[in-house]
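Q: Got a structure for you, input.cif, holding mmCIF, N, CA and C atoms.
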```cif
data_start
loop_
_atom_site.label_atom_id
_atom_site.label_comp_id
_atom_site.auth_asym_id
_atom_site.auth_seq_id
_atom_site.Cartn_x
_atom_site.Cartn_y
_atom_site.Cartn_z
N THR A 1 121.79 82.56 81.83
CA THR A 1 123.18 82.19 81.94
C THR A 1 123.90 82.52 80.64
N ARG A 2 125.18 82.71 80.75
CA ARG A 2 126.00 82.98 79.58
C ARG A 2 126.75 81.72 79.21
N SER A 3 126.91 81.49 77.91
CA SER A 3 127.64 80.31 77.48
C SER A 3 128.79 80.73 76.59
N VAL A 4 129.75 79.85 76.47
CA VAL A 4 130.90 80.09 75.61
C VAL A 4 130.78 79.16 74.42
N SER A 5 130.89 79.72 73.22
CA SER A 5 130.86 78.92 72.02
C SER A 5 132.30 78.74 71.56
N ALA A 6 132.74 77.52 71.45
CA ALA A 6 134.14 77.26 71.10
C ALA A 6 134.23 76.29 69.94
N PHE A 7 135.26 76.44 69.15
CA PHE A 7 135.50 75.61 67.99
C PHE A 7 136.94 75.16 68.04
N LEU A 8 137.18 73.87 68.13
CA LEU A 8 138.53 73.34 68.24
C LEU A 8 139.03 72.96 66.87
N LEU A 9 140.15 73.53 66.47
CA LEU A 9 140.74 73.22 65.18
C LEU A 9 141.71 72.05 65.33
N ASN A 10 142.63 71.89 64.41
CA ASN A 10 143.53 70.74 64.40
C ASN A 10 144.43 70.67 65.62
N ARG A 11 144.90 71.79 66.13
CA ARG A 11 145.80 71.81 67.28
C ARG A 11 145.08 72.41 68.48
N SER A 12 145.38 71.91 69.65
CA SER A 12 144.69 72.39 70.84
C SER A 12 144.97 73.86 71.13
N SER A 13 146.06 74.40 70.60
CA SER A 13 146.38 75.82 70.82
C SER A 13 145.55 76.74 69.94
N ASP A 14 144.79 76.17 69.00
CA ASP A 14 144.00 76.98 68.08
C ASP A 14 142.54 77.07 68.51
N LEU A 15 142.28 77.37 69.76
CA LEU A 15 140.93 77.45 70.28
C LEU A 15 140.30 78.80 69.95
N LEU A 16 139.19 78.76 69.23
CA LEU A 16 138.43 79.96 68.88
C LEU A 16 137.28 80.08 69.87
N VAL A 17 137.18 81.24 70.53
CA VAL A 17 136.14 81.46 71.52
C VAL A 17 135.37 82.73 71.17
N VAL A 18 134.03 82.62 71.20
CA VAL A 18 133.14 83.76 70.97
C VAL A 18 132.18 83.82 72.16
N TYR A 19 132.17 84.94 72.89
CA TYR A 19 131.32 85.05 74.08
C TYR A 19 130.99 86.50 74.37
N PRO A 20 129.91 86.78 75.11
CA PRO A 20 128.84 85.86 75.45
C PRO A 20 127.97 85.58 74.24
N ASN A 21 127.32 84.46 74.24
CA ASN A 21 126.46 84.07 73.12
C ASN A 21 125.32 83.24 73.68
N PRO A 22 124.12 83.82 73.76
CA PRO A 22 123.65 85.07 73.16
C PRO A 22 124.21 86.31 73.86
N THR A 23 124.05 87.45 73.18
CA THR A 23 124.61 88.70 73.67
C THR A 23 123.58 89.81 73.60
N ARG A 24 123.80 90.83 74.43
CA ARG A 24 122.99 92.05 74.34
C ARG A 24 123.55 93.00 73.29
N GLY A 25 124.82 92.77 72.89
CA GLY A 25 125.41 93.66 71.89
C GLY A 25 126.91 93.59 71.80
N GLN A 26 127.60 93.41 72.95
CA GLN A 26 129.07 93.29 72.94
C GLN A 26 129.45 91.82 72.80
N VAL A 27 130.35 91.52 71.87
CA VAL A 27 130.83 90.16 71.65
C VAL A 27 132.35 90.19 71.68
N THR A 28 132.95 89.27 72.41
CA THR A 28 134.40 89.13 72.44
C THR A 28 134.78 87.91 71.61
N VAL A 29 135.77 88.08 70.74
CA VAL A 29 136.31 87.00 69.92
C VAL A 29 137.77 86.82 70.30
N SER A 30 138.15 85.59 70.64
CA SER A 30 139.55 85.29 70.97
C SER A 30 140.02 84.14 70.09
N TRP A 31 141.17 84.34 69.47
CA TRP A 31 141.78 83.34 68.61
C TRP A 31 143.21 83.77 68.35
N HIS A 32 143.95 83.00 67.61
CA HIS A 32 145.34 83.30 67.32
C HIS A 32 145.45 84.22 66.10
N GLU A 33 146.06 85.39 66.29
CA GLU A 33 146.34 86.36 65.22
C GLU A 33 145.14 86.65 64.33
N ILE A 34 144.08 87.20 64.94
CA ILE A 34 142.88 87.58 64.19
C ILE A 34 143.22 88.78 63.31
N GLU A 35 142.97 88.64 62.03
CA GLU A 35 143.25 89.71 61.08
C GLU A 35 142.00 90.50 60.72
N GLU A 36 140.86 89.81 60.65
CA GLU A 36 139.63 90.46 60.20
C GLU A 36 138.44 89.68 60.72
N VAL A 37 137.36 90.42 61.05
CA VAL A 37 136.10 89.78 61.42
C VAL A 37 135.01 90.47 60.61
N ASN A 38 134.18 89.65 59.94
CA ASN A 38 133.04 90.15 59.19
C ASN A 38 131.76 89.71 59.88
N VAL A 39 130.79 90.62 59.97
CA VAL A 39 129.47 90.29 60.52
C VAL A 39 128.54 90.12 59.32
N ILE A 40 127.91 88.94 59.25
CA ILE A 40 127.08 88.59 58.10
C ILE A 40 125.68 88.23 58.59
N ASP A 41 124.64 88.75 57.91
CA ASP A 41 123.28 88.40 58.32
C ASP A 41 122.87 87.07 57.69
N MET A 42 121.69 86.60 58.01
CA MET A 42 121.25 85.28 57.53
C MET A 42 120.90 85.27 56.05
N LEU A 43 120.88 86.44 55.41
CA LEU A 43 120.70 86.51 53.97
C LEU A 43 122.03 86.50 53.23
N GLY A 44 123.12 86.46 54.00
CA GLY A 44 124.45 86.43 53.41
C GLY A 44 125.04 87.79 53.13
N GLN A 45 124.38 88.84 53.58
CA GLN A 45 124.89 90.20 53.36
C GLN A 45 125.88 90.57 54.45
N ARG A 46 127.02 91.11 54.03
CA ARG A 46 128.03 91.57 54.98
C ARG A 46 127.59 92.91 55.55
N LEU A 47 127.44 92.96 56.87
CA LEU A 47 126.97 94.18 57.53
C LEU A 47 128.12 95.04 58.03
N ALA A 48 129.23 94.40 58.40
CA ALA A 48 130.37 95.14 58.93
C ALA A 48 131.64 94.33 58.72
N THR A 49 132.74 95.07 58.57
CA THR A 49 134.07 94.46 58.47
C THR A 49 134.97 95.16 59.47
N TYR A 50 135.64 94.37 60.29
CA TYR A 50 136.60 94.89 61.26
C TYR A 50 137.98 94.41 60.85
N LYS A 51 138.83 95.31 60.37
CA LYS A 51 140.23 95.00 60.03
C LYS A 51 141.05 95.20 61.30
N LEU A 52 141.70 94.14 61.76
CA LEU A 52 142.30 94.17 63.09
C LEU A 52 143.82 94.09 63.12
N GLY A 53 144.44 93.45 62.16
CA GLY A 53 145.90 93.41 62.12
C GLY A 53 146.55 92.46 63.10
N ARG A 54 146.12 91.21 63.15
CA ARG A 54 146.76 90.14 63.93
C ARG A 54 146.73 90.37 65.44
N VAL A 55 145.52 90.46 65.98
CA VAL A 55 145.34 90.58 67.42
C VAL A 55 144.88 89.23 67.98
N GLU A 56 145.05 89.04 69.27
CA GLU A 56 144.64 87.79 69.91
C GLU A 56 143.19 87.81 70.35
N SER A 57 142.62 89.00 70.51
CA SER A 57 141.26 89.14 70.99
C SER A 57 140.71 90.48 70.55
N CYS A 58 139.40 90.54 70.36
CA CYS A 58 138.76 91.81 70.00
C CYS A 58 137.34 91.83 70.51
N GLU A 59 136.78 93.03 70.67
CA GLU A 59 135.40 93.20 71.06
C GLU A 59 134.64 93.85 69.92
N LEU A 60 133.49 93.27 69.60
CA LEU A 60 132.63 93.78 68.54
C LEU A 60 131.35 94.29 69.15
N ASN A 61 130.79 95.34 68.57
CA ASN A 61 129.52 95.88 69.03
C ASN A 61 128.46 95.62 67.96
N ILE A 62 127.51 94.72 68.28
CA ILE A 62 126.40 94.46 67.35
C ILE A 62 125.08 94.95 67.95
N ARG A 63 125.18 95.83 68.93
CA ARG A 63 124.02 96.35 69.64
C ARG A 63 123.01 97.04 68.71
N ASP A 64 123.48 97.68 67.64
CA ASP A 64 122.59 98.41 66.75
C ASP A 64 121.87 97.51 65.74
N TYR A 65 122.21 96.23 65.70
CA TYR A 65 121.55 95.30 64.79
C TYR A 65 120.27 94.77 65.42
N ALA A 66 119.33 94.39 64.56
CA ALA A 66 118.07 93.81 65.04
C ALA A 66 118.34 92.51 65.78
N HIS A 67 117.44 92.13 66.67
CA HIS A 67 117.57 90.86 67.38
C HIS A 67 117.50 89.73 66.37
N GLY A 68 118.37 88.75 66.52
CA GLY A 68 118.39 87.63 65.60
C GLY A 68 119.76 86.97 65.58
N VAL A 69 119.96 86.12 64.58
CA VAL A 69 121.21 85.36 64.45
C VAL A 69 122.08 85.97 63.37
N TYR A 70 123.35 86.11 63.66
CA TYR A 70 124.34 86.64 62.72
C TYR A 70 125.51 85.66 62.66
N MET A 71 126.22 85.66 61.55
CA MET A 71 127.39 84.81 61.40
C MET A 71 128.63 85.70 61.46
N LEU A 72 129.60 85.27 62.26
CA LEU A 72 130.89 85.95 62.29
C LEU A 72 131.85 85.16 61.43
N GLU A 73 132.44 85.81 60.44
CA GLU A 73 133.51 85.21 59.64
C GLU A 73 134.80 85.74 60.23
N ILE A 74 135.59 84.84 60.81
CA ILE A 74 136.80 85.23 61.52
C ILE A 74 138.00 84.74 60.73
N ILE A 75 138.82 85.69 60.29
CA ILE A 75 139.98 85.37 59.45
C ILE A 75 141.23 85.61 60.28
N SER A 76 142.08 84.58 60.34
CA SER A 76 143.33 84.70 61.10
C SER A 76 144.45 84.03 60.33
N SER A 77 145.63 84.08 60.90
CA SER A 77 146.77 83.42 60.27
C SER A 77 146.58 81.90 60.27
N SER A 78 145.68 81.38 61.12
CA SER A 78 145.40 79.94 61.19
C SER A 78 144.37 79.49 60.16
N GLY A 79 143.67 80.44 59.54
CA GLY A 79 142.63 80.11 58.57
C GLY A 79 141.38 80.94 58.80
N THR A 80 140.27 80.48 58.25
CA THR A 80 138.99 81.16 58.37
C THR A 80 138.00 80.25 59.07
N ALA A 81 137.25 80.82 60.00
CA ALA A 81 136.22 80.06 60.72
C ALA A 81 134.95 80.89 60.77
N TYR A 82 133.83 80.21 60.90
CA TYR A 82 132.52 80.86 60.99
C TYR A 82 131.87 80.45 62.31
N ARG A 83 131.36 81.43 63.04
CA ARG A 83 130.66 81.18 64.30
C ARG A 83 129.37 81.96 64.31
N PRO A 84 128.25 81.32 64.64
CA PRO A 84 126.98 82.05 64.78
C PRO A 84 126.97 82.80 66.11
N VAL A 85 126.32 83.94 66.12
CA VAL A 85 126.13 84.69 67.36
C VAL A 85 124.69 85.20 67.36
N VAL A 86 124.06 85.13 68.53
CA VAL A 86 122.67 85.53 68.68
C VAL A 86 122.61 86.88 69.38
N ARG A 87 121.97 87.84 68.72
CA ARG A 87 121.70 89.15 69.32
C ARG A 87 120.36 89.00 70.01
N GLY A 88 120.41 88.85 71.37
CA GLY A 88 119.23 88.49 72.14
C GLY A 88 118.34 89.64 72.52
N LEU A 89 117.18 89.29 73.07
CA LEU A 89 116.16 90.25 73.49
C LEU A 89 116.31 90.69 74.93
N TYR A 90 117.12 90.00 75.72
CA TYR A 90 117.18 90.25 77.15
C TYR A 90 117.90 91.50 77.53
#
```
Show me the file's structure as structure tokens.

A:
Amino acid sequence: TRSVSAFLLNRSSDLLVVYPNPTRGQVTVSWHEIEEVNVIDMLGQRLATYKLGRVESCELNIRDYAHGVYMLEIISSSGTAYRPVVRGLY
């Protein structure tokens, strides 16, 4: 089954959604005015930076990364949030 990982900020309109999680490689991030998303491994190394320019949603491809857990650093006009995402084996 697929699950939705959500993080509720101070206002109900600021819902951050990352799905599917776990993923085979494609990840969708939805939030208010996303400016940048960084993919970070568990050693803290930045693997990729996506400069987006205030979009409401974006799709990231982490298919080429090894199976495991990665952290998404999501920067928007509302602030910065971190969400884990699992690159699964299925």

Q: Name every residue that the PyMOL selection byres (((chain A and resi 51 and name CA) around 12) and name CA) selects in this structure, writing the answer as a short mmCIF file (atom, residue, chain, number, x, y, z; two decimals) with N, CA and C atoms, in the coordinates of the input with chains first and numbers rising.

A:
```cif
data_model
loop_
_atom_site.label_atom_id
_atom_site.label_comp_id
_atom_site.auth_asym_id
_atom_site.auth_seq_id
_atom_site.Cartn_x
_atom_site.Cartn_y
_atom_site.Cartn_z
N GLU A 33 146.06 85.39 66.29
CA GLU A 33 146.34 86.36 65.22
C GLU A 33 145.14 86.65 64.33
N ILE A 34 144.08 87.20 64.94
CA ILE A 34 142.88 87.58 64.19
C ILE A 34 143.22 88.78 63.31
N GLU A 35 142.97 88.64 62.03
CA GLU A 35 143.25 89.71 61.08
C GLU A 35 142.00 90.50 60.72
N GLU A 36 140.86 89.81 60.65
CA GLU A 36 139.63 90.46 60.20
C GLU A 36 138.44 89.68 60.72
N VAL A 37 137.36 90.42 61.05
CA VAL A 37 136.10 89.78 61.42
C VAL A 37 135.01 90.47 60.61
N ASN A 38 134.18 89.65 59.94
CA ASN A 38 133.04 90.15 59.19
C ASN A 38 131.76 89.71 59.88
N VAL A 39 130.79 90.62 59.97
CA VAL A 39 129.47 90.29 60.52
C VAL A 39 128.54 90.12 59.32
N ALA A 48 129.23 94.40 58.40
CA ALA A 48 130.37 95.14 58.93
C ALA A 48 131.64 94.33 58.72
N THR A 49 132.74 95.07 58.57
CA THR A 49 134.07 94.46 58.47
C THR A 49 134.97 95.16 59.47
N TYR A 50 135.64 94.37 60.29
CA TYR A 50 136.60 94.89 61.26
C TYR A 50 137.98 94.41 60.85
N LEU A 52 141.70 94.14 61.76
CA LEU A 52 142.30 94.17 63.09
C LEU A 52 143.82 94.09 63.12
N GLY A 53 144.44 93.45 62.16
CA GLY A 53 145.90 93.41 62.12
C GLY A 53 146.55 92.46 63.10
N ARG A 54 146.12 91.21 63.15
CA ARG A 54 146.76 90.14 63.93
C ARG A 54 146.73 90.37 65.44
N VAL A 55 145.52 90.46 65.98
CA VAL A 55 145.34 90.58 67.42
C VAL A 55 144.88 89.23 67.98
N CYS A 58 139.40 90.54 70.36
CA CYS A 58 138.76 91.81 70.00
C CYS A 58 137.34 91.83 70.51
N LEU A 60 133.49 93.27 69.60
CA LEU A 60 132.63 93.78 68.54
C LEU A 60 131.35 94.29 69.15
N GLU A 73 132.44 85.81 60.44
CA GLU A 73 133.51 85.21 59.64
C GLU A 73 134.80 85.74 60.23
N ILE A 74 135.59 84.84 60.81
CA ILE A 74 136.80 85.23 61.52
C ILE A 74 138.00 84.74 60.73
N ILE A 75 138.82 85.69 60.29
CA ILE A 75 139.98 85.37 59.45
C ILE A 75 141.23 85.61 60.28
N SER A 76 142.08 84.58 60.34
CA SER A 76 143.33 84.70 61.10
C SER A 76 144.45 84.03 60.33
#
```

Q: For the file shown, what are the residues hit by the PyMOL selection byres (((chain A and resi 70 and name CA) around 7) and name CA), laid out as a list in words?

A: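 For this structure, the PyMOL selection byres (((chain A and resi 70 and name CA) around 7) and name CA) resolves to Val39, Ile40, Asp41, Met42, Gly68, Val69, Met71, Leu72, Pro84, Val85 and Val86 of chain A.
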
Q: May I have the residues from that selection written out with N, CA and C atoms, as a JSON list (two decimals), in the coordinates of the input?

A:
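Wrote part-v8.json, looks like this:
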```json
[["chain", "number", "residue", "atom", "x", "y", "z"],
["A", 39, "VAL", "N", 130.79, 90.62, 59.97],
["A", 39, "VAL", "CA", 129.47, 90.29, 60.52],
["A", 39, "VAL", "C", 128.54, 90.12, 59.32],
["A", 40, "ILE", "N", 127.91, 88.94, 59.25],
["A", 40, "ILE", "CA", 127.08, 88.59, 58.10],
["A", 40, "ILE", "C", 125.68, 88.23, 58.59],
["A", 41, "ASP", "N", 124.64, 88.75, 57.91],
["A", 41, "ASP", "CA", 123.28, 88.40, 58.32],
["A", 41, "ASP", "C", 122.87, 87.07, 57.69],
["A", 42, "MET", "N", 121.69, 86.60, 58.01],
["A", 42, "MET", "CA", 121.25, 85.28, 57.53],
["A", 42, "MET", "C", 120.90, 85.27, 56.05],
["A", 68, "GLY", "N", 118.37, 88.75, 66.52],
["A", 68, "GLY", "CA", 118.39, 87.63, 65.60],
["A", 68, "GLY", "C", 119.76, 86.97, 65.58],
["A", 69, "VAL", "N", 119.96, 86.12, 64.58],
["A", 69, "VAL", "CA", 121.21, 85.36, 64.45],
["A", 69, "VAL", "C", 122.08, 85.97, 63.37],
["A", 71, "MET", "N", 126.22, 85.66, 61.55],
["A", 71, "MET", "CA", 127.39, 84.81, 61.40],
["A", 71, "MET", "C", 128.63, 85.70, 61.46],
["A", 72, "LEU", "N", 129.60, 85.27, 62.26],
["A", 72, "LEU", "CA", 130.89, 85.95, 62.29],
["A", 72, "LEU", "C", 131.85, 85.16, 61.43],
["A", 84, "PRO", "N", 128.25, 81.32, 64.64],
["A", 84, "PRO", "CA", 126.98, 82.05, 64.78],
["A", 84, "PRO", "C", 126.97, 82.80, 66.11],
["A", 85, "VAL", "N", 126.32, 83.94, 66.12],
["A", 85, "VAL", "CA", 126.13, 84.69, 67.36],
["A", 85, "VAL", "C", 124.69, 85.20, 67.36],
["A", 86, "VAL", "N", 124.06, 85.13, 68.53],
["A", 86, "VAL", "CA", 122.67, 85.53, 68.68],
["A", 86, "VAL", "C", 122.61, 86.88, 69.38]]
```

Q: Considering only N, CA and C atoms, can you say which of A:Arg63, A:Val18, A:Thr23, A:His32 comes closest to Gly79 in chain A?

A: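 The answer is A:His32, which sits nearest to Gly79 in chain A.
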
Q: Mind listing the strand (DSSP E) residues of chain A, per DSSP on the backbone, as number ranges by chain?

A: A: 5-8, 15-19, 26-40, 46-61, 68-76, 79-87

Q: Between atom C of Arg46 in chain A and atom C of Gln26 in chain A, what is the spacing in Å?

A: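 Here the two named atoms are 17.4 Å from each other.
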
Q: For the file shown, report as a list in words the outcome of the PyMOL selection byres ((chain A and resi 24) around 8) at residue level.

A: Pro20, Asn21, Pro22, Thr23, Gly25, Gln26, Val27, Asn61, Ile62, Arg63, Asp64, Val86, Arg87, Gly88, Leu89 and Tyr90 of chain A

Q: Go ahead and compute the interatomic distance for atom C of Ser57 in chain A and atom C of Gly44 in chain A, in Å to one decimal.

A: 23.6 Å

Q: Rounded to one decimal place, report the CA of Tyr65 in chain A-atom N of Val17 in chain A distance in Å.

A: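 Rounded to one decimal, the two atoms are 21.8 Å apart.
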
Q: Between A:His67, A:Thr80, A:Leu16, A:Leu43, which has the minimum distance to Thr28 in chain A (counting only C-alpha atoms)?

A: A:Leu16

Q: With N, CA, C and O atoms retained, output range 42-69 of chain A as a PDB file, in the first residue's frame.

A:
```
ATOM      1  N   MET A  42      21.756   9.985   4.605  1.00  0.00           N
ATOM      2  CA  MET A  42      21.793   9.858   6.061  1.00  0.00           C
ATOM      3  C   MET A  42      23.141  10.251   6.664  1.00  0.00           C
ATOM      4  O   MET A  42      23.270  10.357   7.879  1.00  0.00           O
ATOM      5  N   LEU A  43      24.132  10.514   5.822  1.00  0.00           N
ATOM      6  CA  LEU A  43      25.413  11.037   6.295  1.00  0.00           C
ATOM      7  C   LEU A  43      25.430  12.563   6.280  1.00  0.00           C
ATOM      8  O   LEU A  43      26.414  13.181   6.651  1.00  0.00           O
ATOM      9  N   GLY A  44      24.325  13.156   5.819  1.00  0.00           N
ATOM     10  CA  GLY A  44      24.224  14.608   5.769  1.00  0.00           C
ATOM     11  C   GLY A  44      24.750  15.227   4.493  1.00  0.00           C
ATOM     12  O   GLY A  44      24.836  16.446   4.386  1.00  0.00           O
ATOM     13  N   GLN A  45      25.097  14.409   3.522  1.00  0.00           N
ATOM     14  CA  GLN A  45      25.610  14.929   2.251  1.00  0.00           C
ATOM     15  C   GLN A  45      24.459  15.268   1.319  1.00  0.00           C
ATOM     16  O   GLN A  45      23.539  14.470   1.128  1.00  0.00           O
ATOM     17  N   ARG A  46      24.525  16.455   0.731  1.00  0.00           N
ATOM     18  CA  ARG A  46      23.513  16.882  -0.233  1.00  0.00           C
ATOM     19  C   ARG A  46      23.790  16.190  -1.563  1.00  0.00           C
ATOM     20  O   ARG A  46      24.855  16.357  -2.154  1.00  0.00           O
ATOM     21  N   LEU A  47      22.811  15.429  -2.035  1.00  0.00           N
ATOM     22  CA  LEU A  47      22.970  14.677  -3.276  1.00  0.00           C
ATOM     23  C   LEU A  47      22.423  15.426  -4.482  1.00  0.00           C
ATOM     24  O   LEU A  47      22.901  15.233  -5.595  1.00  0.00           O
ATOM     25  N   ALA A  48      21.393  16.242  -4.256  1.00  0.00           N
ATOM     26  CA  ALA A  48      20.775  16.975  -5.362  1.00  0.00           C
ATOM     27  C   ALA A  48      20.076  18.211  -4.823  1.00  0.00           C
ATOM     28  O   ALA A  48      19.606  18.228  -3.689  1.00  0.00           O
ATOM     29  N   THR A  49      20.029  19.236  -5.673  1.00  0.00           N
ATOM     30  CA  THR A  49      19.293  20.463  -5.367  1.00  0.00           C
ATOM     31  C   THR A  49      18.389  20.765  -6.547  1.00  0.00           C
ATOM     32  O   THR A  49      18.838  20.784  -7.687  1.00  0.00           O
ATOM     33  N   TYR A  50      17.113  20.974  -6.251  1.00  0.00           N
ATOM     34  CA  TYR A  50      16.130  21.343  -7.266  1.00  0.00           C
ATOM     35  C   TYR A  50      15.675  22.767  -6.979  1.00  0.00           C
ATOM     36  O   TYR A  50      15.003  23.022  -5.986  1.00  0.00           O
ATOM     37  N   LYS A  51      16.071  23.719  -7.814  1.00  0.00           N
ATOM     38  CA  LYS A  51      15.620  25.115  -7.714  1.00  0.00           C
ATOM     39  C   LYS A  51      14.324  25.228  -8.506  1.00  0.00           C
ATOM     40  O   LYS A  51      14.298  24.970  -9.702  1.00  0.00           O
ATOM     41  N   LEU A  52      13.247  25.613  -7.835  1.00  0.00           N
ATOM     42  CA  LEU A  52      11.933  25.504  -8.459  1.00  0.00           C
ATOM     43  C   LEU A  52      11.225  26.828  -8.711  1.00  0.00           C
ATOM     44  O   LEU A  52      10.379  26.915  -9.588  1.00  0.00           O
ATOM     45  N   GLY A  53      11.477  27.842  -7.929  1.00  0.00           N
ATOM     46  CA  GLY A  53      10.868  29.143  -8.193  1.00  0.00           C
ATOM     47  C   GLY A  53       9.414  29.273  -7.802  1.00  0.00           C
ATOM     48  O   GLY A  53       8.599  29.677  -8.618  1.00  0.00           O
ATOM     49  N   ARG A  54       9.048  28.902  -6.586  1.00  0.00           N
ATOM     50  CA  ARG A  54       7.708  29.116  -6.018  1.00  0.00           C
ATOM     51  C   ARG A  54       6.600  28.362  -6.744  1.00  0.00           C
ATOM     52  O   ARG A  54       5.660  28.946  -7.258  1.00  0.00           O
ATOM     53  N   VAL A  55       6.713  27.047  -6.753  1.00  0.00           N
ATOM     54  CA  VAL A  55       5.675  26.192  -7.322  1.00  0.00           C
ATOM     55  C   VAL A  55       4.870  25.556  -6.192  1.00  0.00           C
ATOM     56  O   VAL A  55       5.317  25.494  -5.048  1.00  0.00           O
ATOM     57  N   GLU A  56       3.678  25.098  -6.502  1.00  0.00           N
ATOM     58  CA  GLU A  56       2.823  24.459  -5.495  1.00  0.00           C
ATOM     59  C   GLU A  56       3.100  22.974  -5.360  1.00  0.00           C
ATOM     60  O   GLU A  56       2.782  22.369  -4.347  1.00  0.00           O
ATOM     61  N   SER A  57       3.699  22.373  -6.380  1.00  0.00           N
ATOM     62  CA  SER A  57       3.950  20.944  -6.384  1.00  0.00           C
ATOM     63  C   SER A  57       5.081  20.631  -7.341  1.00  0.00           C
ATOM     64  O   SER A  57       5.275  21.350  -8.327  1.00  0.00           O
ATOM     65  N   CYS A  58       5.820  19.571  -7.049  1.00  0.00           N
ATOM     66  CA  CYS A  58       6.900  19.159  -7.946  1.00  0.00           C
ATOM     67  C   CYS A  58       7.102  17.659  -7.839  1.00  0.00           C
ATOM     68  O   CYS A  58       6.716  17.043  -6.856  1.00  0.00           O
ATOM     69  N   GLU A  59       7.703  17.071  -8.874  1.00  0.00           N
ATOM     70  CA  GLU A  59       8.042  15.662  -8.872  1.00  0.00           C
ATOM     71  C   GLU A  59       9.555  15.526  -8.911  1.00  0.00           C
ATOM     72  O   GLU A  59      10.221  16.178  -9.717  1.00  0.00           O
ATOM     73  N   LEU A  60      10.062  14.676  -8.021  1.00  0.00           N
ATOM     74  CA  LEU A  60      11.495  14.419  -7.941  1.00  0.00           C
ATOM     75  C   LEU A  60      11.755  12.984  -8.345  1.00  0.00           C
ATOM     76  O   LEU A  60      10.957  12.092  -8.061  1.00  0.00           O
ATOM     77  N   ASN A  61      12.897  12.747  -8.980  1.00  0.00           N
ATOM     78  CA  ASN A  61      13.281  11.395  -9.364  1.00  0.00           C
ATOM     79  C   ASN A  61      14.488  10.986  -8.528  1.00  0.00           C
ATOM     80  O   ASN A  61      15.563  11.537  -8.693  1.00  0.00           O
ATOM     81  N   ILE A  62      14.270  10.017  -7.619  1.00  0.00           N
ATOM     82  CA  ILE A  62      15.392   9.493  -6.828  1.00  0.00           C
ATOM     83  C   ILE A  62      15.666   8.035  -7.196  1.00  0.00           C
ATOM     84  O   ILE A  62      16.302   7.300  -6.449  1.00  0.00           O
ATOM     85  N   ARG A  63      15.197   7.639  -8.363  1.00  0.00           N
ATOM     86  CA  ARG A  63      15.334   6.261  -8.839  1.00  0.00           C
ATOM     87  C   ARG A  63      16.791   5.804  -8.934  1.00  0.00           C
ATOM     88  O   ARG A  63      17.093   4.636  -8.732  1.00  0.00           O
ATOM     89  N   ASP A  64      17.712   6.707  -9.241  1.00  0.00           N
ATOM     90  CA  ASP A  64      19.113   6.335  -9.410  1.00  0.00           C
ATOM     91  C   ASP A  64      19.871   6.203  -8.089  1.00  0.00           C
ATOM     92  O   ASP A  64      21.021   5.785  -8.084  1.00  0.00           O
ATOM     93  N   TYR A  65      19.232   6.552  -6.979  1.00  0.00           N
ATOM     94  CA  TYR A  65      19.880   6.427  -5.670  1.00  0.00           C
ATOM     95  C   TYR A  65      19.703   5.014  -5.134  1.00  0.00           C
ATOM     96  O   TYR A  65      18.744   4.322  -5.464  1.00  0.00           O
ATOM     97  N   ALA A  66      20.636   4.604  -4.286  1.00  0.00           N
ATOM     98  CA  ALA A  66      20.555   3.284  -3.655  1.00  0.00           C
ATOM     99  C   ALA A  66      19.306   3.202  -2.782  1.00  0.00           C
ATOM    100  O   ALA A  66      18.788   4.221  -2.315  1.00  0.00           O
ATOM    101  N   HIS A  67      18.821   1.991  -2.561  1.00  0.00           N
ATOM    102  CA  HIS A  67      17.682   1.798  -1.669  1.00  0.00           C
ATOM    103  C   HIS A  67      18.064   2.240  -0.274  1.00  0.00           C
ATOM    104  O   HIS A  67      19.168   1.976   0.196  1.00  0.00           O
ATOM    105  N   GLY A  68      17.174   2.962   0.385  1.00  0.00           N
ATOM    106  CA  GLY A  68      17.449   3.444   1.727  1.00  0.00           C
ATOM    107  C   GLY A  68      16.615   4.669   2.047  1.00  0.00           C
ATOM    108  O   GLY A  68      15.669   5.008   1.337  1.00  0.00           O
ATOM    109  N   VAL A  69      16.995   5.350   3.124  1.00  0.00           N
ATOM    110  CA  VAL A  69      16.256   6.518   3.604  1.00  0.00           C
ATOM    111  C   VAL A  69      17.009   7.789   3.230  1.00  0.00           C
ATOM    112  O   VAL A  69      18.229   7.874   3.423  1.00  0.00           O
TER     113      VAL A  69
END
```
